[in-house]
2 protein chains.
Amino acid sequence: MNPRAVYYEGNHTFRLGPGEEVAPGPGDVRLDVAFCGVCGTDVHIAHGAMDHRVQVPQVIGHEMSGTVAELGDGVEGFSVGEAVVVRPLDSRGETSADRGFSHISRNLKFLGIDTPGAFQQSWTVPAFTLHRLPQGIDLQLAALTEPLAVACHDVRRAGLTAGETVIVLGGGPIGLLISLVARHDAASVLIGEINPERIAFAQSLGFDAGPAPEVGDGADVVFEVSGAPAAALAMTELAAVRGRIVLVAIYPEPPPVRLFDFFWKELELRGARVYEPEDYERAIELVASGALPLERLITKVEPLERLPAVFEELARGTQGVKILVDCGA
Amino acid sequence: MNPRAVYYEGNHTFRLGPGEEVAPGPGDVRLDVAFCGVCGTDVHIAHGAMDHRVQVPQVIGHEMSGTVAELGDGVEGFSVGEAVVVRPLDSRGETSADRGFSHISRNLKFLGIDTPGAFQQSWTVPAFTLHRLPQGIDLQLAALTEPLAVACHDVRRAGLTAGETVIVLGGGPIGLLISLVARHDAASVLIGEINPERIAFAQSLGFDAGPAPEVGDGADVVFEVSGAPAAALAMTELAAVRGRIVLVAIYPEPPPVRLFDFFWKELELRGARVYEPEDYERAIELVASGALPLERLITKVEPLERLPAVFEELARGTQGVKILVDCGA
């Protein structure tokens, strides 16, 4: 049987169609995709917000787990049948202007946006994007590696230490993952969120969550994950003197920011985008260890052929935390 | 002859009057003030912008040099006749909420704003505010220690290293001092400024200065000293990937800020306010060494009795870089 794939065709439309087993060229690896999560970015693509980067018809998707199916010439260190995840960054266009920060280099290609993605049964990628998974790992949970690596990167950017107080503004998937990692690192975590369903879910994970989080003398670290202009104003008020604010959210327009608070309290703001290899290694370790209740974040698992309908349902509103797509044969 | 003092009386008015030799209480020291610079903050006070903190009639002024005239009980380590400068911060109201950051503690009192200042011949201050000056130092140049310590603090907050590229937005006294310290630390410095007189003066100090500073791949460090909303928008565009922005300016209102750039380039913003003791020590060392052309920044030296007229002249527009007031008998 030929593999199957789901294609974004523009104009909010996805179509199930025949996929392709792309023979891996030198340095490439062909994977059998096991699971692939639906990311907020995929929903943005569905809304047409990234049509300048996505060349339709295109397979999207980047939060995947799978197994090695076929090795291209010169690929070493992997063997057929091994479980892997893909760190979907291709920084081969890096220049000296990027000052060594490959993961955010100017010519960075993001697999599943700028190149074909993982919402298909067979996916061929450069071998340098692979991270090996420990034997026996649950491939559903392993599909959460990519967003969990985002959270690990954000927490690392914060320089978080045990016992610190943290406010996470935004209780969506990334906000929850940051909260889980920060709590695992022995921080005391509050979540700021206005959506009642998200508040209830965060509380069910044991977090103090609500519309007006507050720490007495201010939080050591504030993660701004919501992208709401009100949060851009609140973040500086919630931080303690010399507090750190990690900016994770994407603000297409420049919102008003209380620069006075940065001066007065000598605050720091640190942008955080995607991840570096060590963030992936930490995320894999956290998935494998079972230290985080990640299974709670998987709202449902849908078969690949249901994906066009899933995007239609998502266009009508948020549905739980994380939808996984079963891309297996 | 009784000492003299200049009093701020509110409503843009200053008056020369009799001063007072306040006998130093336990832990205090009475100083003979030599010189005191006019700070932008003093001009703000003259404009009535700080009437909520200044209790009229009050002597203001905090950029001073002088000599020890009289020691209160229990003061050790200083002797009459020694040259000193005052670090005008009284953090005795510090609490645990300040997390050890005394210099920006919530109950901080700033000498010359919240308490009487140095535009007088005789000034009595707590001994813990004093820094000893090396023998033979020029007391006019030493009166620049306070603003130079601001610049040293800002550069230290930047974590500046030799060879880095720096853009300083704002070519007033603090912007120039930051530029001089950064250049002394072997950084390559550009100054962004729109005022033609300030541009010309910065150029006369050997700086590349103009309305549209730009470094090819972006600056390692941007100092925002101007307080102009246009600069709050430009600062993120001028910074290189993972660049640091040090916020020195005071923005009473929250301006729009390109938070997207913080995310995309993983920028850092660090607020910087006043100074810590080590910044004073470095500033004194720089003054004493003659390494910086500080004498060029002294536009003129006026006698104390001219100070009311100086404030009237300043209300009509900027006058050079730094006006010193000779408070000597």
# chains A, B, ... in the order shown; residues from 1 in each chain; ligands from 1

call {"tool": "residues_around", "arguments": {"residues": "Val56 (chain A)", "least_positions_apart": "4", "cutoff": "8 Å", "atoms": "only C-alpha atoms", "output": "PyMOL selection string"}}
result
chain A and resi 7-10

call {"tool": "write_last_selection", "arguments": {"atoms": "N, CA and C atoms", "output": "JSON list (two decimals), in the first residue's frame"}}
result
[["chain", "number", "residue", "atom", "x", "y", "z"],
["A", 7, "TYR", "N", -2.39, 17.13, 2.87],
["A", 7, "TYR", "CA", -1.83, 18.33, 2.24],
["A", 7, "TYR", "C", -2.62, 19.58, 2.62],
["A", 8, "TYR", "N", -1.89, 20.62, 3.01],
["A", 8, "TYR", "CA", -2.49, 21.94, 3.14],
["A", 8, "TYR", "C", -2.58, 22.52, 1.74],
["A", 9, "GLU", "N", -3.78, 22.96, 1.36],
["A", 9, "GLU", "CA", -3.98, 23.43, -0.01],
["A", 9, "GLU", "C", -4.28, 24.93, -0.07],
["A", 10, "GLY", "N", -4.08, 25.62, 1.05],
["A", 10, "GLY", "CA", -4.43, 27.04, 1.10],
["A", 10, "GLY", "C", -5.90, 27.19, 1.40]]

call {"tool": "residues_around", "arguments": {"residues": "Ala240 (chain B)", "least_positions_apart": "2", "cutoff": "9 Å", "atoms": "only C-alpha atoms", "output": "JSON, numbers by chain"}}
result
{"A": [97, 98, 99], "B": [215, 216, 217, 218, 219, 220, 221, 236, 237, 238, 242, 243, 244, 265, 267]}

call {"tool": "write_last_selection", "arguments": {"atoms": "all heavy atoms", "output": "short mmCIF file (atom, residue, chain, number, x, y, z; two decimals), in the first residue's frame"}}
result
data_model
loop_
_atom_site.label_atom_id
_atom_site.label_comp_id
_atom_site.auth_asym_id
_atom_site.auth_seq_id
_atom_site.Cartn_x
_atom_site.Cartn_y
_atom_site.Cartn_z
N ALA A 97 26.93 36.48 10.35
CA ALA A 97 26.04 37.46 10.96
C ALA A 97 25.18 36.84 12.06
O ALA A 97 24.63 37.54 12.90
CB ALA A 97 25.13 38.08 9.89
N ASP A 98 25.08 35.51 12.05
CA ASP A 98 24.27 34.82 13.05
C ASP A 98 25.05 34.57 14.34
O ASP A 98 24.50 34.06 15.32
CB ASP A 98 23.74 33.51 12.49
CG ASP A 98 22.87 33.73 11.26
OD1 ASP A 98 21.99 34.62 11.33
OD2 ASP A 98 23.07 33.05 10.24
N ARG A 99 26.33 34.92 14.34
CA ARG A 99 27.16 34.90 15.56
C ARG A 99 27.11 33.56 16.30
O ARG A 99 27.24 33.52 17.52
CB ARG A 99 26.72 36.03 16.50
CG ARG A 99 26.90 37.41 15.89
CD ARG A 99 25.89 38.44 16.33
NE ARG A 99 25.63 38.47 17.73
CZ ARG A 99 26.11 39.37 18.58
NH1 ARG A 99 26.91 40.33 18.12
NH2 ARG A 99 25.80 39.35 19.84
N VAL B 215 24.92 49.51 12.64
CA VAL B 215 26.03 48.56 12.56
C VAL B 215 25.56 47.44 11.65
O VAL B 215 24.45 46.94 11.82
CB VAL B 215 26.37 48.01 13.96
CG1 VAL B 215 27.43 46.93 13.86
CG2 VAL B 215 26.83 49.12 14.89
N GLY B 216 26.40 47.06 10.69
CA GLY B 216 26.03 46.07 9.67
C GLY B 216 25.10 44.97 10.14
O GLY B 216 23.93 44.93 9.79
N ASP B 217 25.60 44.07 10.96
CA ASP B 217 24.80 42.95 11.41
C ASP B 217 24.08 43.22 12.72
O ASP B 217 23.54 42.31 13.34
CB ASP B 217 25.67 41.70 11.55
CG ASP B 217 26.26 41.28 10.22
OD1 ASP B 217 25.58 41.43 9.20
OD2 ASP B 217 27.41 40.80 10.20
N GLY B 218 24.06 44.48 13.13
CA GLY B 218 23.44 44.84 14.39
C GLY B 218 24.49 45.01 15.47
O GLY B 218 25.58 44.44 15.40
N ALA B 219 24.16 45.82 16.48
CA ALA B 219 25.11 46.12 17.55
C ALA B 219 25.05 45.03 18.63
O ALA B 219 23.99 44.49 18.91
CB ALA B 219 24.80 47.48 18.17
N ASP B 220 26.22 44.77 19.24
CA ASP B 220 26.24 43.85 20.38
C ASP B 220 25.44 44.43 21.54
O ASP B 220 24.72 43.71 22.23
CB ASP B 220 27.68 43.61 20.83
CG ASP B 220 28.50 42.89 19.77
OD1 ASP B 220 28.12 41.77 19.40
OD2 ASP B 220 29.49 43.46 19.28
N VAL B 221 25.60 45.74 21.72
CA VAL B 221 24.92 46.39 22.85
C VAL B 221 24.32 47.71 22.38
O VAL B 221 24.98 48.49 21.67
CB VAL B 221 25.91 46.67 24.01
CG1 VAL B 221 25.21 47.42 25.13
CG2 VAL B 221 26.52 45.38 24.52
N THR B 236 15.39 47.79 19.25
CA THR B 236 15.42 46.35 18.96
C THR B 236 15.87 46.08 17.53
O THR B 236 16.42 45.04 17.24
CB THR B 236 14.03 45.73 19.17
OG1 THR B 236 13.06 46.42 18.36
CG2 THR B 236 13.60 45.83 20.63
N GLU B 237 15.62 47.03 16.64
CA GLU B 237 16.05 46.85 15.25
C GLU B 237 17.56 47.01 15.12
O GLU B 237 18.17 46.40 14.24
CB GLU B 237 15.33 47.87 14.36
CG GLU B 237 13.82 47.69 14.39
CD GLU B 237 13.11 48.56 13.38
OE1 GLU B 237 13.35 49.79 13.38
OE2 GLU B 237 12.32 48.01 12.60
N LEU B 238 18.14 47.83 15.98
CA LEU B 238 19.58 48.12 15.90
C LEU B 238 20.44 47.02 16.52
O LEU B 238 21.65 46.98 16.30
CB LEU B 238 19.88 49.46 16.59
CG LEU B 238 19.21 50.68 15.95
CD1 LEU B 238 19.43 51.92 16.81
CD2 LEU B 238 19.75 50.91 14.54
N ARG B 242 20.81 38.02 19.68
CA ARG B 242 21.25 37.88 21.08
C ARG B 242 21.92 39.15 21.62
O ARG B 242 22.69 39.09 22.60
CB ARG B 242 22.19 36.69 21.27
CG ARG B 242 21.50 35.33 21.33
CD ARG B 242 21.06 34.94 22.73
NE ARG B 242 20.39 33.64 22.72
CZ ARG B 242 20.84 32.55 23.34
NH1 ARG B 242 21.95 32.61 24.05
NH2 ARG B 242 20.16 31.43 23.27
N GLY B 243 21.65 40.29 20.99
CA GLY B 243 22.19 41.55 21.48
C GLY B 243 21.56 41.94 22.80
O GLY B 243 20.49 41.48 23.16
N ARG B 244 22.28 42.81 23.53
CA ARG B 244 21.78 43.30 24.81
C ARG B 244 21.41 44.77 24.68
O ARG B 244 22.14 45.55 24.07
CB ARG B 244 22.84 43.17 25.91
CG ARG B 244 23.16 41.73 26.29
CD ARG B 244 24.44 41.25 25.65
NE ARG B 244 25.63 41.86 26.21
CZ ARG B 244 26.81 41.91 25.60
NH1 ARG B 244 26.97 41.39 24.39
NH2 ARG B 244 27.84 42.47 26.18
N LYS B 265 15.10 37.49 17.65
CA LYS B 265 16.56 37.56 17.76
C LYS B 265 17.05 37.17 19.16
O LYS B 265 18.22 37.33 19.46
CB LYS B 265 17.04 38.98 17.42
CG LYS B 265 16.75 39.41 15.97
CD LYS B 265 17.55 40.64 15.57
CE LYS B 265 16.90 41.93 16.03
NZ LYS B 265 17.61 43.14 15.52
N LEU B 267 16.75 38.72 21.93
CA LEU B 267 17.40 39.89 22.52
C LEU B 267 17.23 39.88 24.04
O LEU B 267 16.36 39.18 24.58
CB LEU B 267 16.78 41.17 21.96
CG LEU B 267 16.83 41.35 20.45
CD1 LEU B 267 16.13 42.65 20.07
CD2 LEU B 267 18.26 41.35 19.96
#

call {"tool": "residues_around", "arguments": {"residues": "region 145-156 of chain B", "least_positions_apart": "2", "cutoff": "10 Å", "atoms": "only C-alpha atoms", "output": "VMD selection string"}}
result
chain B and resid 36 to 37 39 62 to 65 85 to 88 139 to 143 158 to 161 173 to 182 185 221 223 246 to 248 270 to 287 294

call {"tool": "residues_around", "arguments": {"residues": "Glu197 (chain A)", "least_positions_apart": "3", "cutoff": "12 Å", "atoms": "only C-alpha atoms", "output": "ChimeraX atom specification"}}
result
/A:171-172,193-194,200-204,209-210,318-321

call {"tool": "write_last_selection", "arguments": {"atoms": "C-alpha atoms", "output": "PDB file, in the first residue's frame"}}
result
ATOM      1  CA  GLY A 171      -2.131  28.464  30.189  1.00  0.00           C
ATOM      2  CA  GLY A 172      -2.069  26.908  26.708  1.00  0.00           C
ATOM      3  CA  GLU A 193      -5.026  32.643  32.432  1.00  0.00           C
ATOM      4  CA  ILE A 194      -8.497  34.002  31.711  1.00  0.00           C
ATOM      5  CA  ALA A 200      -9.716  24.372  35.456  1.00  0.00           C
ATOM      6  CA  PHE A 201      -7.306  22.164  33.549  1.00  0.00           C
ATOM      7  CA  ALA A 202      -4.227  23.883  35.027  1.00  0.00           C
ATOM      8  CA  GLN A 203      -5.753  23.478  38.490  1.00  0.00           C
ATOM      9  CA  SER A 204      -6.318  19.774  37.788  1.00  0.00           C
ATOM     10  CA  ALA A 209      -4.197  29.351  38.215  1.00  0.00           C
ATOM     11  CA  GLY A 210      -6.475  32.317  37.626  1.00  0.00           C
ATOM     12  CA  THR A 318      -9.688  25.493  21.064  1.00  0.00           C
ATOM     13  CA  GLN A 319     -10.099  21.832  21.793  1.00  0.00           C
ATOM     14  CA  GLY A 320      -8.358  20.764  24.984  1.00  0.00           C
ATOM     15  CA  VAL A 321      -4.575  20.852  25.111  1.00  0.00           C
TER      16      VAL A 321
END

call {"tool": "residues_around", "arguments": {"residues": "Gly25 (chain A)", "least_positions_apart": "3", "cutoff": "7 Å", "atoms": "only C-alpha atoms", "output": "ChimeraX atom specification"}}
result
/A:28,72-73

call {"tool": "residues_around", "arguments": {"residues": "Asn11 (chain A)", "least_positions_apart": "4", "cutoff": "9 Å", "atoms": "only C-alpha atoms", "output": "ChimeraX atom specification"}}
result
/A:46-48

call {"tool": "write_last_selection", "arguments": {"atoms": "C-alpha atoms", "output": "compact mmCIF listing (two decimals), in the first residue's frame"}}
result
# COMPACT_ATOMS: atom_id res chain seq x y z
CA ALA A 46 -4.50 26.73 8.42
CA HIS A 47 -5.75 30.29 8.95
CA GLY A 48 -3.57 31.45 6.06

call {"tool": "residues_around", "arguments": {"residues": "Val84 (chain A)", "least_positions_apart": "5", "cutoff": "7 Å", "atoms": "only C-alpha atoms", "output": "list in words"}}
result
Ser65, Gly66, Thr67, Leu130, His131, Arg132 and Leu133 of chain A

call {"tool": "write_last_selection", "arguments": {"atoms": "N, CA and C atoms", "output": "CSV table (one decimal), in the first residue's frame"}}
result
chain,number,residue,atom,x,y,z
A,65,SER,N,7.1,11.9,16.4
A,65,SER,CA,7.9,10.7,16.8
A,65,SER,C,7.9,9.7,15.7
A,66,GLY,N,8.9,8.8,15.6
A,66,GLY,CA,8.8,7.8,14.5
A,66,GLY,C,10.0,6.9,14.6
A,67,THR,N,10.2,6.1,13.6
A,67,THR,CA,11.3,5.1,13.5
A,67,THR,C,12.0,5.3,12.2
A,130,LEU,N,18.0,14.5,13.6
A,130,LEU,CA,17.5,13.4,14.5
A,130,LEU,C,18.1,13.4,15.9
A,131,HIS,N,17.2,13.0,16.8
A,131,HIS,CA,17.6,12.7,18.2
A,131,HIS,C,17.1,11.3,18.5
A,132,ARG,N,18.0,10.4,18.9
A,132,ARG,CA,17.6,9.0,19.2
A,132,ARG,C,16.8,9.0,20.5
A,133,LEU,N,15.8,8.1,20.5
A,133,LEU,CA,15.0,7.9,21.7
A,133,LEU,C,15.4,6.7,22.5

call {"tool": "select_by_dssp", "arguments": {"residues": "region 226-257 of chain B", "states": "strand (DSSP E)", "output": "JSON, numbers by chain"}}
result
{"B": [239, 240, 241, 242, 243, 244, 245, 246, 247]}

call {"tool": "decode", "arguments": {"residues": "region 231-269 of chain B", "atoms": "N, CA and C atoms", "output": "mmCIF file, in the first residue's frame"}}
result
data_model
loop_
_atom_site.group_PDB
_atom_site.id
_atom_site.type_symbol
_atom_site.label_atom_id
_atom_site.label_comp_id
_atom_site.auth_asym_id
_atom_site.auth_seq_id
_atom_site.Cartn_x
_atom_site.Cartn_y
_atom_site.Cartn_z
ATOM 1 N N ALA B 231 13.067 55.942 19.805
ATOM 2 C CA ALA B 231 14.221 55.124 20.189
ATOM 3 C C ALA B 231 13.759 53.795 20.787
ATOM 4 N N ALA B 232 12.624 53.827 21.507
ATOM 5 C CA ALA B 232 12.095 52.581 22.075
ATOM 6 C C ALA B 232 11.696 51.618 20.963
ATOM 7 N N LEU B 233 11.305 52.162 19.822
ATOM 8 C CA LEU B 233 10.986 51.311 18.665
ATOM 9 C C LEU B 233 12.250 50.893 17.913
ATOM 10 N N ALA B 234 13.218 51.800 17.847
ATOM 11 C CA ALA B 234 14.425 51.522 17.057
ATOM 12 C C ALA B 234 15.391 50.583 17.763
ATOM 13 N N MET B 235 15.392 50.602 19.094
ATOM 14 C CA MET B 235 16.462 49.902 19.839
ATOM 15 C C MET B 235 16.541 48.422 19.496
ATOM 16 N N THR B 236 15.394 47.792 19.253
ATOM 17 C CA THR B 236 15.416 46.351 18.960
ATOM 18 C C THR B 236 15.867 46.082 17.534
ATOM 19 N N GLU B 237 15.622 47.034 16.637
ATOM 20 C CA GLU B 237 16.045 46.855 15.248
ATOM 21 C C GLU B 237 17.559 47.008 15.115
ATOM 22 N N LEU B 238 18.144 47.830 15.985
ATOM 23 C CA LEU B 238 19.578 48.119 15.898
ATOM 24 C C LEU B 238 20.437 47.023 16.519
ATOM 25 N N ALA B 239 19.817 46.145 17.311
ATOM 26 C CA ALA B 239 20.581 45.134 18.039
ATOM 27 C C ALA B 239 20.797 43.892 17.180
ATOM 28 N N ALA B 240 21.972 43.285 17.319
ATOM 29 C CA ALA B 240 22.298 42.024 16.645
ATOM 30 C C ALA B 240 21.542 40.875 17.308
ATOM 31 N N VAL B 241 21.555 39.717 16.692
ATOM 32 C CA VAL B 241 20.990 38.518 17.302
ATOM 33 C C VAL B 241 21.638 38.324 18.677
ATOM 34 N N ARG B 242 20.814 38.023 19.683
ATOM 35 C CA ARG B 242 21.246 37.884 21.084
ATOM 36 C C ARG B 242 21.921 39.146 21.622
ATOM 37 N N GLY B 243 21.645 40.289 20.992
ATOM 38 C CA GLY B 243 22.185 41.554 21.477
ATOM 39 C C GLY B 243 21.563 41.943 22.801
ATOM 40 N N ARG B 244 22.285 42.809 23.531
ATOM 41 C CA ARG B 244 21.783 43.299 24.815
ATOM 42 C C ARG B 244 21.406 44.772 24.677
ATOM 43 N N ILE B 245 20.263 45.123 25.229
ATOM 44 C CA ILE B 245 19.829 46.518 25.250
ATOM 45 C C ILE B 245 19.795 46.952 26.709
ATOM 46 N N VAL B 246 20.512 48.029 27.026
ATOM 47 C CA VAL B 246 20.495 48.526 28.399
ATOM 48 C C VAL B 246 19.607 49.761 28.432
ATOM 49 N N LEU B 247 18.580 49.688 29.277
ATOM 50 C CA LEU B 247 17.615 50.773 29.348
ATOM 51 C C LEU B 247 17.976 51.705 30.493
ATOM 52 N N VAL B 248 18.415 52.915 30.116
ATOM 53 C CA VAL B 248 18.868 53.912 31.068
ATOM 54 C C VAL B 248 17.831 55.026 31.188
ATOM 55 N N ALA B 249 17.108 55.267 30.090
ATOM 56 C CA ALA B 249 16.168 56.388 30.023
ATOM 57 C C ALA B 249 14.932 56.131 30.886
ATOM 58 N N ILE B 250 14.301 57.226 31.271
ATOM 59 C CA ILE B 250 13.068 57.157 32.059
ATOM 60 C C ILE B 250 11.889 57.445 31.138
ATOM 61 N N TYR B 251 10.992 56.464 31.011
ATOM 62 C CA TYR B 251 9.782 56.625 30.200
ATOM 63 C C TYR B 251 8.580 56.726 31.136
ATOM 64 N N PRO B 252 8.057 57.936 31.336
ATOM 65 C CA PRO B 252 6.893 58.052 32.230
ATOM 66 C C PRO B 252 5.692 57.255 31.698
ATOM 67 N N GLU B 253 5.525 57.213 30.382
ATOM 68 C CA GLU B 253 4.412 56.466 29.785
ATOM 69 C C GLU B 253 4.962 55.253 29.040
ATOM 70 N N PRO B 254 4.170 54.147 28.980
ATOM 71 C CA PRO B 254 4.651 52.937 28.279
ATOM 72 C C PRO B 254 4.608 53.119 26.766
ATOM 73 N N PRO B 255 5.763 53.170 26.099
ATOM 74 C CA PRO B 255 5.771 53.334 24.639
ATOM 75 C C PRO B 255 5.626 51.974 23.960
ATOM 76 N N PRO B 256 5.225 51.971 22.677
ATOM 77 C CA PRO B 256 5.215 50.700 21.934
ATOM 78 C C PRO B 256 6.641 50.162 21.790
ATOM 79 N N VAL B 257 6.786 48.868 21.990
ATOM 80 C CA VAL B 257 8.090 48.190 21.888
ATOM 81 C C VAL B 257 7.907 46.972 20.985
ATOM 82 N N ARG B 258 8.867 46.766 20.081
ATOM 83 C CA ARG B 258 8.796 45.613 19.173
ATOM 84 C C ARG B 258 9.172 44.333 19.918
ATOM 85 N N LEU B 259 8.205 43.794 20.668
ATOM 86 C CA LEU B 259 8.470 42.550 21.398
ATOM 87 C C LEU B 259 8.791 41.410 20.435
ATOM 88 N N PHE B 260 8.270 41.498 19.207
ATOM 89 C CA PHE B 260 8.588 40.458 18.222
ATOM 90 C C PHE B 260 10.095 40.300 18.050
ATOM 91 N N ASP B 261 10.805 41.420 18.018
ATOM 92 C CA ASP B 261 12.261 41.361 17.832
ATOM 93 C C ASP B 261 12.945 40.643 18.989
ATOM 94 N N PHE B 262 12.410 40.823 20.200
ATOM 95 C CA PHE B 262 12.987 40.113 21.353
ATOM 96 C C PHE B 262 12.875 38.611 21.147
ATOM 97 N N PHE B 263 11.715 38.174 20.699
ATOM 98 C CA PHE B 263 11.501 36.756 20.409
ATOM 99 C C PHE B 263 12.401 36.301 19.263
ATOM 100 N N TRP B 264 12.344 36.997 18.160
ATOM 101 C CA TRP B 264 12.977 36.532 16.921
ATOM 102 C C TRP B 264 14.493 36.457 17.035
ATOM 103 N N LYS B 265 15.101 37.488 17.649
ATOM 104 C CA LYS B 265 16.558 37.562 17.760
ATOM 105 C C LYS B 265 17.049 37.174 19.157
ATOM 106 N N GLU B 266 16.134 36.718 20.010
ATOM 107 C CA GLU B 266 16.482 36.372 21.399
ATOM 108 C C GLU B 266 17.286 37.493 22.061
ATOM 109 N N LEU B 267 16.750 38.716 21.929
ATOM 110 C CA LEU B 267 17.395 39.886 22.525
ATOM 111 C C LEU B 267 17.228 39.882 24.042
ATOM 112 N N GLU B 268 18.043 40.690 24.701
ATOM 113 C CA GLU B 268 17.885 40.920 26.137
ATOM 114 C C GLU B 268 17.764 42.409 26.399
ATOM 115 N N LEU B 269 16.868 42.751 27.308
ATOM 116 C CA LEU B 269 16.744 44.134 27.768
ATOM 117 C C LEU B 269 17.076 44.136 29.256
#
